[in-house]
Amino acid sequence: MWIFGNTYRPAGTGHRGGWPVSTDMLSLTEELVYKAKIIPANVFKQMPLVSVKLENVEEIGGYAFNQCSMLSHLDLGHKVKTIGTYAFAACESLQSLEFTSSLTVINSLAFEGVGLTSLNIPASVSTIGLHAFQGFPHLLEVTVNWNTPLSVSSADPFLWSNIANIQLNVPVGKESLYKADGYWKQFYIPEISYYSPKVIAGSGTSSISIRGADLNGTAEVRLTQGSVSVSATSVSPGTNGVITANFTLSQIPGGSYQLHVRQAGVIDKVIGEITVQNFVYPEVVSSITGIGQLRTGFTQTAHLVL
């Protein structure tokens, strides 16, 4: 493992981006951990890196990891604000990537020719440069989080990526805005019109109705909260794209759950939140001269035992 701190610089015979680089780094295949705030331009270009982890990095310079064709794992950390021109271009082995809400700028051709199959762009991103995601041959799905579509027509960020066959997931209720946008309307945009109810009980049997374009009885529906995940026991098709997801719940923790809908090749997204009310039945622990002592719970009704 190679670790770059705030002041450490590897001694050596060459220079990249103003940094000295040792000759054995040119055959680097271990994990690289980088802790300084700025990664200079060109510094790791064409190196045989396999895994990169960034800590405290706020800016990635142009061409920093350009043509690192063996790079398959990239952890950007939680502070990256700017990704430079061609920074990860031609990193064709990179198949998964997570952006965080610190990111604001993705510069031109930053990820050109990368092997990603899905992409999630946070709402914090305000600038996408020219052809930033050009030539994504394996891309199947893009998720965007802006309530108002970001204007990107002049940048054409997904040039040569066959966007008519890429599913675009947008915030629920904003589908019409994206379908009216000159650029984003070129994607396939599945639409969820509504789901009901928004509150269900945490035990017994509950049903949730969901309406969406192309939905049918093969859809998978589940509720998640942290490590808790509950799948619908059955999904019944209705008319006009309405499905009913039936849940059999057994005292799952109360609170807010995300409602997921997945249908292969059509929809795979979080469509909203469901509140689960976990009722705890009143239980008399003891009674003394007419005063009932009750076990605490989420919801309870006093029962006086005389």
# chains A, B, ... in the order shown; residues from 1 in each chain; ligands from 1

$ closest_atom_pairs --of "range 142-202 of chain A" --to "range 228-243 of chain A" --cutoff "10 Å" --atoms "only C-alpha atoms" --output "CSV"
residue,atom,partner,partner_atom,distance
A:Ile192,CA,A:Gly241,CA,9.3
A:Ser193,CA,A:Val242,CA,9.4
A:Tyr194,CA,A:Val242,CA,9.3
A:Tyr195,CA,A:Val242,CA,9.2

$ residues_around --residues "Ala89 in chain A" --least-positions-apart "3" --cutoff "7 Å" --atoms "only C-alpha atoms" --output "MDAnalysis selection string"
chainID A and resid 66:67 86 109:114

$ write_last_selection --atoms "C-alpha atoms" --output "compact mmCIF listing (two decimals), in the first residue's frame"
# COMPACT_ATOMS: atom_id res chain seq x y z
CA ASN A 66 -5.87 9.25 -16.97
CA GLN A 67 -5.48 5.87 -18.74
CA TYR A 86 -9.69 13.86 -18.34
CA LEU A 109 -14.17 14.46 -20.45
CA ALA A 110 -13.44 13.63 -16.81
CA PHE A 111 -14.78 10.08 -17.19
CA GLU A 112 -14.56 9.56 -20.94
CA GLY A 113 -14.55 5.88 -21.88
CA VAL A 114 -15.09 4.50 -18.36

$ closest_atom_pairs --of "range 156-233 of chain A" --to "range 260-274 of chain A" --cutoff "9 Å" --atoms "only C-alpha atoms" --output "Markdown table"
| residue | atom | partner | partner_atom | distance |
| --- | --- | --- | --- | --- |
| A:Gln167 | CA | A:Val266 | CA | 7.4 |
| A:Asn169 | CA | A:Lys269 | CA | 6.8 |
| A:Val170 | CA | A:Lys269 | CA | 8.9 |
| A:Pro171 | CA | A:Ile271 | CA | 7.8 |
| A:Val172 | CA | A:Ile271 | CA | 5.9 |
| A:Tyr188 | CA | A:Val266 | CA | 8.8 |
| A:Ile189 | CA | A:Ile267 | CA | 8.9 |
| A:Pro190 | CA | A:Ile267 | CA | 6.2 |
| A:Glu191 | CA | A:Ile267 | CA | 8.5 |
| A:Ile192 | CA | A:Ile271 | CA | 7.3 |
| A:Tyr194 | CA | A:Ile271 | CA | 8.9 |
| A:Tyr195 | CA | A:Gly272 | CA | 8.4 |
| A:Pro197 | CA | A:Ile274 | CA | 8.0 |
| A:Lys198 | CA | A:Ile274 | CA | 5.0 |
| A:Val199 | CA | A:Ile274 | CA | 5.7 |
| A:Ile200 | CA | A:Ile274 | CA | 7.3 |
| A:Ala213 | CA | A:Val266 | CA | 8.7 |
| A:Asp214 | CA | A:Val266 | CA | 7.1 |
| A:Leu215 | CA | A:Gln263 | CA | 7.3 |
| A:Asn216 | CA | A:Gln263 | CA | 8.2 |
| A:Thr218 | CA | A:Gln263 | CA | 6.6 |
| A:Ala219 | CA | A:Gln263 | CA | 4.6 |
| A:Glu220 | CA | A:Arg262 | CA | 5.0 |
| A:Val221 | CA | A:Val261 | CA | 4.7 |
| A:Arg222 | CA | A:His260 | CA | 5.3 |
| A:Leu223 | CA | A:His260 | CA | 6.3 |
| A:Thr224 | CA | A:His260 | CA | 7.8 |

$ residues_around --residues "Thr85 in chain A" --least-positions-apart "4" --cutoff "12 Å" --atoms "only C-alpha atoms" --output "list in words"
Pro40, Ala41, Asn42, Glu59, Ile60, Gly61, Gly62, Tyr63, Ala64, Phe65, Asn66, Ala89, Val105, Ile106, Asn107, Ser108, Leu109, Ala110, Phe111, Glu112, Ile128, Gly129, Leu130, His131, Ala132 and Phe133 of chain A

$ write_last_selection --atoms "N, CA, C and O atoms" --output "compact mmCIF listing (two decimals), in the first residue's frame"
# COMPACT_ATOMS: atom_id res chain seq x y z
N PRO A 40 -2.33 16.73 -7.85
CA PRO A 40 -1.87 17.52 -9.00
C PRO A 40 -2.19 16.84 -10.34
O PRO A 40 -2.44 15.63 -10.40
N ALA A 41 -2.16 17.62 -11.39
CA ALA A 41 -2.40 17.09 -12.73
C ALA A 41 -1.34 16.06 -13.11
O ALA A 41 -0.17 16.18 -12.72
N ASN A 42 -1.77 15.04 -13.82
CA ASN A 42 -0.88 14.04 -14.45
C ASN A 42 -0.15 13.10 -13.49
O ASN A 42 0.57 12.21 -13.95
N GLU A 59 -9.79 18.39 -4.42
CA GLU A 59 -9.64 18.68 -5.85
C GLU A 59 -8.76 17.64 -6.53
O GLU A 59 -7.67 17.33 -6.04
N ILE A 60 -9.25 17.11 -7.64
CA ILE A 60 -8.50 16.14 -8.43
C ILE A 60 -8.09 16.83 -9.73
O ILE A 60 -8.93 17.26 -10.51
N GLY A 61 -6.80 16.94 -9.97
CA GLY A 61 -6.30 17.67 -11.13
C GLY A 61 -6.54 16.95 -12.45
O GLY A 61 -6.84 15.76 -12.50
N GLY A 62 -6.41 17.69 -13.53
CA GLY A 62 -6.60 17.15 -14.86
C GLY A 62 -5.63 16.01 -15.15
O GLY A 62 -4.47 16.06 -14.75
N TYR A 63 -6.13 14.97 -15.81
CA TYR A 63 -5.32 13.81 -16.21
C TYR A 63 -4.71 13.06 -15.02
O TYR A 63 -3.81 12.24 -15.21
N ALA A 64 -5.16 13.31 -13.80
CA ALA A 64 -4.52 12.75 -12.61
C ALA A 64 -4.44 11.22 -12.66
O ALA A 64 -3.43 10.63 -12.27
N PHE A 65 -5.50 10.57 -13.11
CA PHE A 65 -5.53 9.11 -13.21
C PHE A 65 -5.85 8.68 -14.64
O PHE A 65 -6.32 7.57 -14.87
N ASN A 66 -5.57 9.53 -15.57
CA ASN A 66 -5.87 9.25 -16.97
C ASN A 66 -5.20 7.96 -17.44
O ASN A 66 -4.03 7.71 -17.16
N ALA A 89 -10.33 9.57 -17.44
CA ALA A 89 -10.62 9.10 -18.80
C ALA A 89 -9.85 7.83 -19.12
O ALA A 89 -8.71 7.64 -18.68
N VAL A 105 -18.36 20.16 -9.21
CA VAL A 105 -17.91 20.36 -10.59
C VAL A 105 -17.29 19.08 -11.15
O VAL A 105 -16.37 18.51 -10.54
N ILE A 106 -17.80 18.65 -12.32
CA ILE A 106 -17.20 17.55 -13.08
C ILE A 106 -16.77 18.15 -14.41
O ILE A 106 -17.61 18.54 -15.22
N ASN A 107 -15.49 18.25 -14.63
CA ASN A 107 -14.99 18.96 -15.81
C ASN A 107 -15.02 18.09 -17.07
O ASN A 107 -15.34 16.91 -17.04
N SER A 108 -14.69 18.72 -18.18
CA SER A 108 -14.80 18.10 -19.50
C SER A 108 -14.06 16.77 -19.58
O SER A 108 -12.93 16.65 -19.12
N LEU A 109 -14.76 15.76 -20.16
CA LEU A 109 -14.17 14.46 -20.45
C LEU A 109 -13.55 13.78 -19.23
O LEU A 109 -12.68 12.93 -19.35
N ALA A 110 -14.02 14.15 -18.06
CA ALA A 110 -13.44 13.63 -16.81
C ALA A 110 -13.51 12.11 -16.74
O ALA A 110 -12.60 11.47 -16.21
N PHE A 111 -14.59 11.52 -17.27
CA PHE A 111 -14.78 10.08 -17.19
C PHE A 111 -14.97 9.46 -18.58
O PHE A 111 -15.61 8.43 -18.72
N GLU A 112 -14.40 10.05 -19.57
CA GLU A 112 -14.56 9.56 -20.94
C GLU A 112 -14.08 8.12 -21.06
O GLU A 112 -12.99 7.75 -20.60
N ILE A 128 -21.39 20.42 -15.19
CA ILE A 128 -20.88 19.23 -15.88
C ILE A 128 -20.27 19.69 -17.19
O ILE A 128 -20.94 20.29 -18.02
N GLY A 129 -18.98 19.42 -17.37
CA GLY A 129 -18.26 19.93 -18.52
C GLY A 129 -18.54 19.16 -19.79
O GLY A 129 -19.23 18.14 -19.82
N LEU A 130 -17.96 19.65 -20.87
CA LEU A 130 -18.17 19.10 -22.21
C LEU A 130 -17.83 17.61 -22.25
O LEU A 130 -16.74 17.19 -21.88
N HIS A 131 -18.80 16.81 -22.68
CA HIS A 131 -18.61 15.36 -22.90
C HIS A 131 -18.01 14.65 -21.68
O HIS A 131 -17.20 13.73 -21.82
N ALA A 132 -18.41 15.06 -20.49
CA ALA A 132 -17.82 14.52 -19.25
C ALA A 132 -17.93 13.00 -19.15
O ALA A 132 -17.04 12.34 -18.62
N PHE A 133 -19.04 12.44 -19.68
CA PHE A 133 -19.25 10.99 -19.61
C PHE A 133 -19.34 10.40 -21.03
O PHE A 133 -20.11 9.49 -21.29

$ closest_residue --among "A:Thr148, A:Gln251, A:Phe158, A:Leu32" --to "Ala180 in chain A" --atoms "only C-alpha atoms"
A:Thr148

$ select_by_dssp --residues "range 120-299 of chain A" --states "strand (DSSP E)" --output "JSON, numbers by chain"
{"A": [120, 121, 127, 128, 141, 142, 143, 144, 167, 168, 169, 192, 193, 194, 195, 196, 199, 200, 201, 203, 204, 205, 206, 207, 208, 209, 210, 211, 212, 220, 221, 222, 223, 224, 225, 228, 229, 230, 231, 234, 235, 236, 237, 242, 243, 244, 245, 246, 247, 248, 249, 250, 255, 256, 257, 258, 259, 260, 261, 262, 263, 267, 268, 269, 270, 271, 272, 273, 274, 275, 276, 277, 284, 285, 286, 287, 288, 291, 292, 293, 294]}

$ select_by_dssp --residues "range 92-195 of chain A" --states "alpha helix (DSSP H)" --output "list of chain:residue names"
A:Glu175, A:Ser176, A:Leu177, A:Tyr178, A:Lys179, A:Ala180

$ closest_residue --among "A:Glu141, A:Val43, A:Pro149, A:Pro157" --to "Lys179 in chain A" --atoms "only C-alpha atoms"
A:Pro149

$ atom_distance --atom1 "CA of Ser209 in chain A" --atom2 "CA of Trp184 in chain A"
28.1 Å

$ atom_distance --atom1 "CA of Gly135 in chain A" --atom2 "CA of Leu159 in chain A"
6.2 Å
